[in-house]
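Structure file work36.cif with mmCIF, C-alpha atoms:
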```
data_run
#
loop_
_atom_site.label_atom_id
_atom_site.label_comp_id
_atom_site.auth_asym_id
_atom_site.auth_seq_id
_atom_site.Cartn_x
_atom_site.Cartn_y
_atom_site.Cartn_z
CA MET A 135 116.57 117.82 163.95
CA ASN A 136 118.42 115.12 162.07
CA LYS A 137 119.55 116.13 158.61
CA ILE A 138 119.85 113.51 155.90
CA LYS A 139 122.88 114.54 153.83
CA HIS A 140 122.67 111.71 151.32
CA VAL A 141 119.65 109.92 149.90
CA TYR A 142 120.49 106.55 148.33
CA VAL A 143 117.87 104.87 146.14
CA THR A 144 117.85 101.47 144.54
CA GLY A 145 115.14 99.42 142.88
CA ASP A 146 113.62 98.83 139.47
CA SER A 147 111.94 100.95 136.78
CA PHE A 148 109.36 102.27 139.27
CA SER A 149 112.00 103.92 141.47
CA PHE A 150 114.02 104.79 138.37
CA GLY A 151 111.07 106.76 137.08
CA GLN A 152 110.74 105.03 133.74
CA GLU A 153 108.27 106.88 131.49
CA LEU A 154 108.63 110.18 133.35
CA GLY A 155 109.05 112.81 130.66
CA GLY A 156 108.02 110.35 127.94
CA SER A 157 107.38 106.66 127.45
CA ASP A 158 109.56 106.10 124.40
CA VAL A 159 113.12 107.27 124.70
CA PRO A 160 115.95 106.45 122.25
CA VAL A 161 117.58 103.08 123.01
CA GLU A 162 120.83 104.73 124.13
CA ASP A 163 118.91 106.78 126.73
CA PHE A 164 116.86 103.92 128.18
CA TYR A 165 119.08 103.58 131.24
CA VAL A 166 119.92 107.28 131.56
CA PHE A 167 118.64 108.94 134.74
CA THR A 168 118.00 112.48 133.52
CA PRO A 169 117.83 115.68 135.62
CA TYR A 170 114.12 115.74 134.85
CA MET A 171 113.68 112.27 136.33
CA ARG A 172 115.77 113.35 139.31
CA LYS A 173 113.23 116.09 140.02
CA ALA A 174 110.05 114.21 139.10
CA SER A 175 110.61 110.77 140.63
CA TYR A 176 109.25 110.19 144.10
CA THR A 177 112.62 109.81 145.83
CA GLY A 178 113.86 112.94 144.08
CA ILE A 179 110.83 114.84 145.34
CA ILE A 180 111.52 113.64 148.89
CA ALA A 181 115.26 114.40 148.69
CA ASP A 182 114.46 117.94 147.49
CA ALA A 183 111.97 118.42 150.33
CA TRP A 184 114.67 117.34 152.77
CA GLY A 185 117.29 119.56 151.13
CA SER A 186 119.76 116.66 151.01
CA GLU A 187 123.04 117.62 149.37
CA GLY A 188 123.69 114.16 147.94
CA TYR A 189 121.48 111.82 145.97
CA THR A 190 122.28 108.51 144.29
CA ASN A 191 119.82 106.42 142.33
CA THR A 192 121.06 103.02 141.18
CA SER A 193 117.59 101.76 140.20
CA TYR A 194 117.55 99.78 136.98
CA ASN A 195 114.74 99.04 134.54
CA GLY A 196 114.10 95.31 134.73
CA GLY A 197 116.28 95.13 137.83
CA SER A 198 115.80 92.30 140.29
CA ASN A 199 115.90 92.02 144.08
CA ASP A 200 119.12 90.07 143.42
CA ARG A 201 120.52 93.25 141.95
CA ILE A 202 119.10 95.43 144.73
CA HIS A 203 120.86 93.25 147.29
CA ARG A 204 124.12 93.58 145.34
CA MET A 205 123.77 97.37 145.11
CA ILE A 206 123.22 97.73 148.85
CA ILE A 207 126.17 95.51 149.81
CA ASN A 208 128.48 97.25 147.33
CA ASP A 209 127.42 100.87 147.64
CA ILE A 210 126.50 101.55 151.27
CA PRO A 211 129.97 100.68 152.67
CA LYS A 212 131.43 103.05 150.06
CA LEU A 213 129.02 105.84 151.09
CA LEU A 214 130.08 105.32 154.70
CA THR A 215 133.61 106.45 153.79
CA GLU A 216 132.08 109.89 153.09
CA TYR A 217 129.12 110.15 155.45
CA LYS A 218 128.17 109.10 158.95
CA PRO A 219 125.47 106.39 159.14
CA GLU A 220 122.87 108.80 160.53
CA GLU A 221 123.45 111.16 157.57
CA ILE A 222 122.38 108.55 155.01
CA PHE A 223 118.87 107.34 154.22
CA VAL A 224 118.16 104.43 151.89
CA PHE A 225 115.01 103.97 149.79
CA ILE A 226 114.57 100.42 148.51
CA SER A 227 111.89 99.65 145.97
CA LEU A 228 111.62 95.86 145.98
CA THR A 229 110.49 94.40 142.70
CA HIS A 230 108.72 91.24 141.55
CA ALA A 231 110.32 88.29 143.30
CA SER A 232 110.59 86.23 140.10
CA ARG A 233 113.28 88.51 138.63
CA ARG A 234 116.90 87.42 138.69
CA GLU A 235 120.23 88.47 137.31
CA PHE A 236 123.11 86.45 135.92
CA TYR A 237 126.62 87.57 135.16
CA GLN A 238 127.58 87.13 131.53
CA ASP A 239 131.22 86.08 131.65
CA TYR A 240 131.46 86.49 127.87
CA SER A 241 130.51 90.17 127.95
CA ASN A 242 131.46 91.12 131.53
CA GLU A 243 128.09 92.45 132.50
CA TYR A 244 125.09 91.42 134.52
CA SER A 245 122.05 90.37 132.57
CA PRO A 246 118.58 90.87 134.05
CA PHE A 247 116.22 87.90 133.85
CA LEU A 248 112.48 88.36 133.79
CA SER A 249 111.19 84.81 133.83
CA ASN A 250 107.88 85.65 132.18
CA HIS A 251 109.38 87.90 129.50
CA GLU A 252 111.48 86.20 126.82
CA PRO A 253 114.82 87.95 126.19
CA PHE A 254 116.18 88.68 122.71
CA LYS A 255 117.11 85.55 120.77
CA ASP A 256 120.26 87.16 119.32
CA ASN A 257 122.07 86.77 122.66
CA ILE A 258 122.20 82.99 122.35
CA PRO A 259 123.83 82.00 125.68
CA ASN A 260 121.51 84.34 127.58
CA HIS A 261 118.41 83.16 125.75
CA THR A 262 119.34 79.49 126.18
CA LEU A 263 119.89 79.94 129.92
CA TRP A 264 116.60 81.82 130.20
CA LYS A 265 114.72 79.05 128.36
CA ILE A 266 116.05 76.28 130.64
CA TYR A 267 115.74 78.42 133.77
CA ALA A 268 112.17 79.51 133.03
CA THR A 269 111.09 75.94 132.23
CA TYR A 270 112.82 73.86 134.89
CA PHE A 271 114.10 76.12 137.67
CA ASP A 272 111.56 78.91 138.05
CA SER A 273 109.19 78.35 140.95
CA VAL A 274 107.00 80.54 143.09
CA TYR A 275 108.28 78.60 146.10
CA GLU A 276 111.82 79.63 145.23
CA HIS A 277 110.71 83.25 144.74
CA ALA A 278 109.22 83.36 148.21
CA GLN A 279 112.31 81.76 149.79
CA ARG A 280 114.69 84.14 148.07
CA TYR A 281 112.50 87.16 148.88
CA MET A 282 112.57 86.32 152.60
CA LEU A 283 116.34 85.70 152.39
CA GLN A 284 116.92 89.08 150.74
CA VAL A 285 114.56 91.08 152.97
CA LEU A 286 116.14 89.74 156.16
CA SER A 287 119.71 90.06 154.85
CA ILE A 288 119.31 93.64 153.63
CA GLN A 289 117.57 94.55 156.89
CA ALA A 290 120.33 93.00 159.03
CA PHE A 291 123.07 94.60 156.93
CA LEU A 292 121.68 98.14 157.11
CA LYS A 293 120.78 97.87 160.78
CA SER A 294 124.27 96.58 161.64
CA LEU A 295 125.72 99.67 159.95
CA GLY A 296 123.27 102.02 161.66
CA VAL A 297 121.84 103.24 158.35
CA GLY A 298 118.15 104.16 158.19
CA TYR A 299 116.03 102.84 155.34
CA LEU A 300 112.52 102.40 154.02
CA MET A 301 111.62 99.31 152.00
CA THR A 302 108.56 99.49 149.79
CA ARG A 303 107.30 97.46 146.83
CA SER A 304 107.06 98.61 143.22
CA MET A 305 104.45 96.10 142.14
CA HIS A 306 101.92 93.74 143.61
CA GLU A 307 102.72 90.05 143.45
CA GLY A 308 100.30 87.31 142.40
CA ALA A 309 98.10 85.32 144.75
CA LYS A 310 100.37 82.26 144.42
CA PHE A 311 103.41 84.20 145.61
CA ASP A 312 101.47 85.79 148.47
CA GLN A 313 100.41 82.36 149.62
CA ALA A 314 103.93 80.90 149.33
CA PHE A 315 105.40 83.85 151.22
CA ASP A 316 102.75 83.76 153.94
CA ASN A 317 103.40 80.03 154.36
CA LEU A 318 107.00 80.64 155.38
CA PRO A 319 107.54 80.06 159.10
CA GLN A 320 106.16 82.63 161.52
CA TYR A 321 109.47 82.64 163.40
CA GLN A 322 110.99 84.14 160.23
CA HIS A 323 108.15 86.56 159.54
CA LYS A 324 108.45 87.88 163.09
CA LEU A 325 112.02 89.00 162.38
CA ILE A 326 110.96 91.45 159.65
CA ASP A 327 111.01 95.05 160.87
CA ARG A 328 107.52 96.08 159.79
CA ILE A 329 108.19 99.78 160.47
CA ALA A 330 111.05 99.91 157.93
CA PHE A 331 109.28 97.47 155.57
CA PRO A 332 105.60 98.22 156.07
CA LYS A 333 102.79 96.01 154.86
CA MET A 334 101.43 98.79 152.64
CA GLN A 335 100.19 98.69 149.06
CA ALA A 336 102.78 98.51 146.32
CA PHE A 337 103.43 101.69 144.33
CA ASN A 338 101.45 100.46 141.31
CA GLU A 339 98.50 99.42 143.50
CA TYR A 340 98.48 102.75 145.34
CA ALA A 341 98.69 104.69 142.07
CA GLY A 342 95.93 102.52 140.61
CA HIS A 343 93.61 103.27 143.52
CA LYS A 344 94.42 106.98 143.28
CA LYS A 345 93.44 106.73 139.60
CA VAL A 346 96.49 108.68 138.44
CA PRO A 347 97.68 108.35 134.82
CA PHE A 348 99.93 105.42 133.84
CA GLY A 349 102.29 105.28 130.88
CA LYS A 350 101.94 102.71 128.12
CA TYR A 351 104.50 100.49 129.85
CA ARG A 352 102.37 100.55 132.99
CA HIS A 353 104.41 102.88 135.16
CA PRO A 354 102.79 105.69 137.15
CA LEU A 355 103.52 109.08 135.60
CA GLU A 356 104.34 112.42 137.23
CA GLU A 357 101.14 112.65 139.28
CA GLY A 358 101.64 109.12 140.59
CA HIS A 359 105.16 109.90 141.75
CA VAL A 360 103.95 113.04 143.55
CA ALA A 361 101.19 111.05 145.26
CA TRP A 362 103.59 108.25 146.27
CA ALA A 363 106.11 110.78 147.61
CA GLN A 364 103.35 112.37 149.73
CA HIS A 365 102.17 108.98 150.93
CA LEU A 366 105.68 107.87 151.96
CA THR A 367 106.48 111.23 153.57
CA ALA A 368 103.34 111.04 155.71
CA TYR A 369 104.22 107.46 156.67
CA MET A 370 107.81 108.35 157.56
CA LYS A 371 106.72 111.32 159.67
CA GLN A 372 104.29 109.11 161.54
CA HIS A 373 106.97 106.50 162.27
CA ASN A 374 110.02 108.72 162.81
CA LEU A 375 111.88 107.57 159.71
CA GLY A 376 114.17 109.62 157.53
CA GLN A 377 114.48 113.34 158.16
CA LEU A 378 112.48 114.68 161.07
CA MET B 70 117.09 61.11 120.16
CA LYS B 71 117.06 61.98 123.87
CA GLN B 72 118.27 65.52 123.03
CA LEU B 73 115.45 66.06 120.53
CA TRP B 74 112.85 64.75 122.94
CA PHE B 75 114.22 67.12 125.61
CA LYS B 76 113.95 70.08 123.21
CA ILE B 77 110.32 69.26 122.37
CA LYS B 78 109.40 68.70 126.01
CA THR B 79 111.04 72.00 126.98
CA TRP B 80 109.15 73.85 124.27
CA PHE B 81 105.77 72.57 125.48
CA LEU B 82 106.52 73.08 129.16
CA LEU B 83 107.80 76.62 128.62
CA ARG B 84 104.71 77.60 126.65
CA LYS B 85 102.50 76.22 129.41
CA LYS B 86 104.45 78.12 132.07
CA LEU B 87 104.47 81.41 130.17
CA LYS B 88 100.70 81.15 129.66
CA ALA B 89 100.21 80.58 133.38
CA ASN B 90 102.61 83.41 134.24
CA LYS B 91 100.71 85.82 132.01
CA LYS B 92 97.70 85.42 134.27
CA SER B 93 99.72 86.73 137.22
CA ASP B 94 101.74 89.33 135.33
CA PRO B 95 102.74 91.94 137.92
CA PHE B 96 102.84 94.67 135.32
CA ILE B 97 99.10 94.50 134.90
CA TYR B 98 97.44 95.90 137.99
CA LYS B 99 93.75 95.03 138.07
#
```
Can you turn what I pasted into structure tokens?
Amino acid sequence: MNKIKHVYVTGDSFSFGQELGGSDVPVEDFYVFTPYMRKASYTGIIADAWGSEGYTNTSYNGGSNDRIHRMIINDIPKLLTEYKPEEIFVFISLTHASRREFYQDYSNEYSPFLSNHEPFKDNIPNHTLWKIYATYFDSVYEHAQRYMLQVLSIQAFLKSLGVGYLMTRSMHEGAKFDQAFDNLPQYQHKLIDRIAFPKMQAFNEYAGHKKVPFGKYRHPLEEGHVAWAQHLTAYMKQHNLGQL
Amino acid sequence: MKQLWFKIKTWFLLRKKLKANKKSDPFIYK
């Protein structure tokens, strides 16, 4: 039996477990991954079922696939200095393809960009960039291109290192994105490992169909995370992924 | 004058785009 010693998670607010334990937390706690969230979020539930000694969750509310890609490239090589490839399992919760991130040189931090949600006006450089980006550079065609780029690159990177992973989606995309993505060449689509990145419903779709409670910011709550953990565990068992 | 026209054009275009984006907001699962 293979034992997964370290579970690594990255994604957005859905894999972070935003709204677990309460929808409105103090501003200073918004990005804090609490012990309660560690136990109640779906990857935490799975890691506990596996009895993995290590667990890392670098999911970020409002995080983009750009950021996910960065987390994987930066963190997995570091993990490999402590663990063998077969001892690590990676859960990736891909988010809406429109999201981006930009590095703010003036404050030395990455700033998440949600192109359909206006950022605060008080950060003038960030808001100005967002305004021009959202108006002139945001395109569903670009989203689809970048999504394919990131899926294939993350896949190739993890496979080259011998690290197992499961890629799922937090949220459904719109019909326009689906069409743009489907229209990408078949010779590219064929390269996607559809066992590790299955064509299943997104977390929010699955939770919606299960009719579990959602928080006011539209994240599945505790019941939804339990259901998603069960769903993914059954899938992984069926396809020999993760801990057997 | 060109700068002002650009600002006005941007304002209209952005509003139009945000309205269209709202229709396909991923946060709202129907």
Decode the PyMOL selection byres ((chain A and resi 308-310) around 9) for the given file into explicit residues and return them as a tab-separated table (two decimals) with C-alpha atoms, in the frame of the given file.
```tsv
chain	number	residue	atom	x	y	z
A	274	VAL	CA	107.00	80.54	143.09
A	275	TYR	CA	108.28	78.60	146.10
A	306	HIS	CA	101.92	93.74	143.61
A	307	GLU	CA	102.72	90.05	143.45
A	311	PHE	CA	103.41	84.20	145.61
A	312	ASP	CA	101.47	85.79	148.47
A	313	GLN	CA	100.41	82.36	149.62
A	314	ALA	CA	103.93	80.90	149.33
A	315	PHE	CA	105.40	83.85	151.22
B	92	LYS	CA	97.70	85.42	134.27
B	93	SER	CA	99.72	86.73	137.22
B	94	ASP	CA	101.74	89.33	135.33
B	95	PRO	CA	102.74	91.94	137.92
```
When you get a sec, could you note down which chain A residues fall within 12 Å of chain B, using all atoms listed in the file, as an mmCIF file with C-alpha atoms, in the frame of the given file?
```cif
data_model
loop_
_atom_site.group_PDB
_atom_site.id
_atom_site.type_symbol
_atom_site.label_atom_id
_atom_site.label_comp_id
_atom_site.auth_asym_id
_atom_site.auth_seq_id
_atom_site.Cartn_x
_atom_site.Cartn_y
_atom_site.Cartn_z
ATOM 1 C CA SER A 147 111.940 100.950 136.780
ATOM 2 C CA PHE A 148 109.360 102.270 139.270
ATOM 3 C CA GLY A 196 114.100 95.310 134.730
ATOM 4 C CA THR A 229 110.490 94.400 142.700
ATOM 5 C CA HIS A 230 108.720 91.240 141.550
ATOM 6 C CA ALA A 231 110.320 88.290 143.300
ATOM 7 C CA SER A 232 110.590 86.230 140.100
ATOM 8 C CA ARG A 233 113.280 88.510 138.630
ATOM 9 C CA LEU A 248 112.480 88.360 133.790
ATOM 10 C CA SER A 249 111.190 84.810 133.830
ATOM 11 C CA ASN A 250 107.880 85.650 132.180
ATOM 12 C CA HIS A 251 109.380 87.900 129.500
ATOM 13 C CA GLU A 252 111.480 86.200 126.820
ATOM 14 C CA THR A 262 119.340 79.490 126.180
ATOM 15 C CA TRP A 264 116.600 81.820 130.200
ATOM 16 C CA LYS A 265 114.720 79.050 128.360
ATOM 17 C CA ILE A 266 116.050 76.280 130.640
ATOM 18 C CA TYR A 267 115.740 78.420 133.770
ATOM 19 C CA ALA A 268 112.170 79.510 133.030
ATOM 20 C CA THR A 269 111.090 75.940 132.230
ATOM 21 C CA TYR A 270 112.820 73.860 134.890
ATOM 22 C CA PHE A 271 114.100 76.120 137.670
ATOM 23 C CA ASP A 272 111.560 78.910 138.050
ATOM 24 C CA SER A 273 109.190 78.350 140.950
ATOM 25 C CA VAL A 274 107.000 80.540 143.090
ATOM 26 C CA ARG A 303 107.300 97.460 146.830
ATOM 27 C CA SER A 304 107.060 98.610 143.220
ATOM 28 C CA MET A 305 104.450 96.100 142.140
ATOM 29 C CA HIS A 306 101.920 93.740 143.610
ATOM 30 C CA GLU A 307 102.720 90.050 143.450
ATOM 31 C CA GLY A 308 100.300 87.310 142.400
ATOM 32 C CA ALA A 309 98.100 85.320 144.750
ATOM 33 C CA LYS A 310 100.370 82.260 144.420
ATOM 34 C CA PHE A 311 103.410 84.200 145.610
ATOM 35 C CA ASP A 312 101.470 85.790 148.470
ATOM 36 C CA GLN A 335 100.190 98.690 149.060
ATOM 37 C CA ALA A 336 102.780 98.510 146.320
ATOM 38 C CA PHE A 337 103.430 101.690 144.330
ATOM 39 C CA ASN A 338 101.450 100.460 141.310
ATOM 40 C CA GLU A 339 98.500 99.420 143.500
ATOM 41 C CA TYR A 340 98.480 102.750 145.340
ATOM 42 C CA ALA A 341 98.690 104.690 142.070
ATOM 43 C CA GLY A 342 95.930 102.520 140.610
ATOM 44 C CA HIS A 343 93.610 103.270 143.520
ATOM 45 C CA LYS A 345 93.440 106.730 139.600
ATOM 46 C CA PHE A 348 99.930 105.420 133.840
ATOM 47 C CA GLY A 349 102.290 105.280 130.880
ATOM 48 C CA LYS A 350 101.940 102.710 128.120
ATOM 49 C CA TYR A 351 104.500 100.490 129.850
ATOM 50 C CA ARG A 352 102.370 100.550 132.990
ATOM 51 C CA HIS A 353 104.410 102.880 135.160
ATOM 52 C CA PRO A 354 102.790 105.690 137.150
#
```
I need the residue set behind the PyMOL selection byres ((chain A and resi 174-178) around 10) for this file; please write it as a PyMOL selection string. chain A and resi 141-144+148-152+154-155+168-173+179-184+186+189-191+224-226+354-367
Write out the residues from the selection above, keeping C-alpha atoms, as an mmCIF file, in the coordinates of the input.
```
data_model
loop_
_atom_site.group_PDB
_atom_site.id
_atom_site.type_symbol
_atom_site.label_atom_id
_atom_site.label_comp_id
_atom_site.auth_asym_id
_atom_site.auth_seq_id
_atom_site.Cartn_x
_atom_site.Cartn_y
_atom_site.Cartn_z
ATOM 1 C CA VAL A 141 119.650 109.920 149.900
ATOM 2 C CA TYR A 142 120.490 106.550 148.330
ATOM 3 C CA VAL A 143 117.870 104.870 146.140
ATOM 4 C CA THR A 144 117.850 101.470 144.540
ATOM 5 C CA PHE A 148 109.360 102.270 139.270
ATOM 6 C CA SER A 149 112.000 103.920 141.470
ATOM 7 C CA PHE A 150 114.020 104.790 138.370
ATOM 8 C CA GLY A 151 111.070 106.760 137.080
ATOM 9 C CA GLN A 152 110.740 105.030 133.740
ATOM 10 C CA LEU A 154 108.630 110.180 133.350
ATOM 11 C CA GLY A 155 109.050 112.810 130.660
ATOM 12 C CA THR A 168 118.000 112.480 133.520
ATOM 13 C CA PRO A 169 117.830 115.680 135.620
ATOM 14 C CA TYR A 170 114.120 115.740 134.850
ATOM 15 C CA MET A 171 113.680 112.270 136.330
ATOM 16 C CA ARG A 172 115.770 113.350 139.310
ATOM 17 C CA LYS A 173 113.230 116.090 140.020
ATOM 18 C CA ILE A 179 110.830 114.840 145.340
ATOM 19 C CA ILE A 180 111.520 113.640 148.890
ATOM 20 C CA ALA A 181 115.260 114.400 148.690
ATOM 21 C CA ASP A 182 114.460 117.940 147.490
ATOM 22 C CA ALA A 183 111.970 118.420 150.330
ATOM 23 C CA TRP A 184 114.670 117.340 152.770
ATOM 24 C CA SER A 186 119.760 116.660 151.010
ATOM 25 C CA TYR A 189 121.480 111.820 145.970
ATOM 26 C CA THR A 190 122.280 108.510 144.290
ATOM 27 C CA ASN A 191 119.820 106.420 142.330
ATOM 28 C CA VAL A 224 118.160 104.430 151.890
ATOM 29 C CA PHE A 225 115.010 103.970 149.790
ATOM 30 C CA ILE A 226 114.570 100.420 148.510
ATOM 31 C CA PRO A 354 102.790 105.690 137.150
ATOM 32 C CA LEU A 355 103.520 109.080 135.600
ATOM 33 C CA GLU A 356 104.340 112.420 137.230
ATOM 34 C CA GLU A 357 101.140 112.650 139.280
ATOM 35 C CA GLY A 358 101.640 109.120 140.590
ATOM 36 C CA HIS A 359 105.160 109.900 141.750
ATOM 37 C CA VAL A 360 103.950 113.040 143.550
ATOM 38 C CA ALA A 361 101.190 111.050 145.260
ATOM 39 C CA TRP A 362 103.590 108.250 146.270
ATOM 40 C CA ALA A 363 106.110 110.780 147.610
ATOM 41 C CA GLN A 364 103.350 112.370 149.730
ATOM 42 C CA HIS A 365 102.170 108.980 150.930
ATOM 43 C CA LEU A 366 105.680 107.870 151.960
ATOM 44 C CA THR A 367 106.480 111.230 153.570
#
```
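Excluding Leu213 (chain A) and any residue on its chain fewer than 2 positions from it, the residues at most 12 Å away by all atoms listed in the file are Lys139, His140, Val141, Tyr142, Gly188, Tyr189, Thr190, Met205, Ile206, Ile207, Asn208, Asp209, Ile210, Pro211, Thr215, Glu216, Tyr217, Lys218, Pro219, Glu220, Glu221, Ile222, Phe223, Val224, Leu295 and Val297 of chain A.
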Selected residues, C-alpha atoms, written as a PDB file, keeping the file's coordinate frame, please.
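To be explicit, this is the file written out as selection19.pdb:
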```pdb
ATOM      1  CA  LYS A 139     122.880 114.540 153.830  1.00  0.00           C
ATOM      2  CA  HIS A 140     122.670 111.710 151.320  1.00  0.00           C
ATOM      3  CA  VAL A 141     119.650 109.920 149.900  1.00  0.00           C
ATOM      4  CA  TYR A 142     120.490 106.550 148.330  1.00  0.00           C
ATOM      5  CA  GLY A 188     123.690 114.160 147.940  1.00  0.00           C
ATOM      6  CA  TYR A 189     121.480 111.820 145.970  1.00  0.00           C
ATOM      7  CA  THR A 190     122.280 108.510 144.290  1.00  0.00           C
ATOM      8  CA  MET A 205     123.770  97.370 145.110  1.00  0.00           C
ATOM      9  CA  ILE A 206     123.220  97.730 148.850  1.00  0.00           C
ATOM     10  CA  ILE A 207     126.170  95.510 149.810  1.00  0.00           C
ATOM     11  CA  ASN A 208     128.480  97.250 147.330  1.00  0.00           C
ATOM     12  CA  ASP A 209     127.420 100.870 147.640  1.00  0.00           C
ATOM     13  CA  ILE A 210     126.500 101.550 151.270  1.00  0.00           C
ATOM     14  CA  PRO A 211     129.970 100.680 152.670  1.00  0.00           C
ATOM     15  CA  THR A 215     133.610 106.450 153.790  1.00  0.00           C
ATOM     16  CA  GLU A 216     132.080 109.890 153.090  1.00  0.00           C
ATOM     17  CA  TYR A 217     129.120 110.150 155.450  1.00  0.00           C
ATOM     18  CA  LYS A 218     128.170 109.100 158.950  1.00  0.00           C
ATOM     19  CA  PRO A 219     125.470 106.390 159.140  1.00  0.00           C
ATOM     20  CA  GLU A 220     122.870 108.800 160.530  1.00  0.00           C
ATOM     21  CA  GLU A 221     123.450 111.160 157.570  1.00  0.00           C
ATOM     22  CA  ILE A 222     122.380 108.550 155.010  1.00  0.00           C
ATOM     23  CA  PHE A 223     118.870 107.340 154.220  1.00  0.00           C
ATOM     24  CA  VAL A 224     118.160 104.430 151.890  1.00  0.00           C
ATOM     25  CA  LEU A 295     125.720  99.670 159.950  1.00  0.00           C
ATOM     26  CA  VAL A 297     121.840 103.240 158.350  1.00  0.00           C
TER      27      VAL A 297
END
```
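Of note, CA of Leu228 (chain A) and CA of Tyr194 (chain A) are spaced 11.5 Å apart.
With CA of Leu263 (chain A) on one side and CA of Asp239 (chain A) on the other, the separation reads 13.0 Å.
CA of Met334 (chain A) to CA of Asn199 (chain A) spans 18.1 Å [interatomic distance, one decimal].
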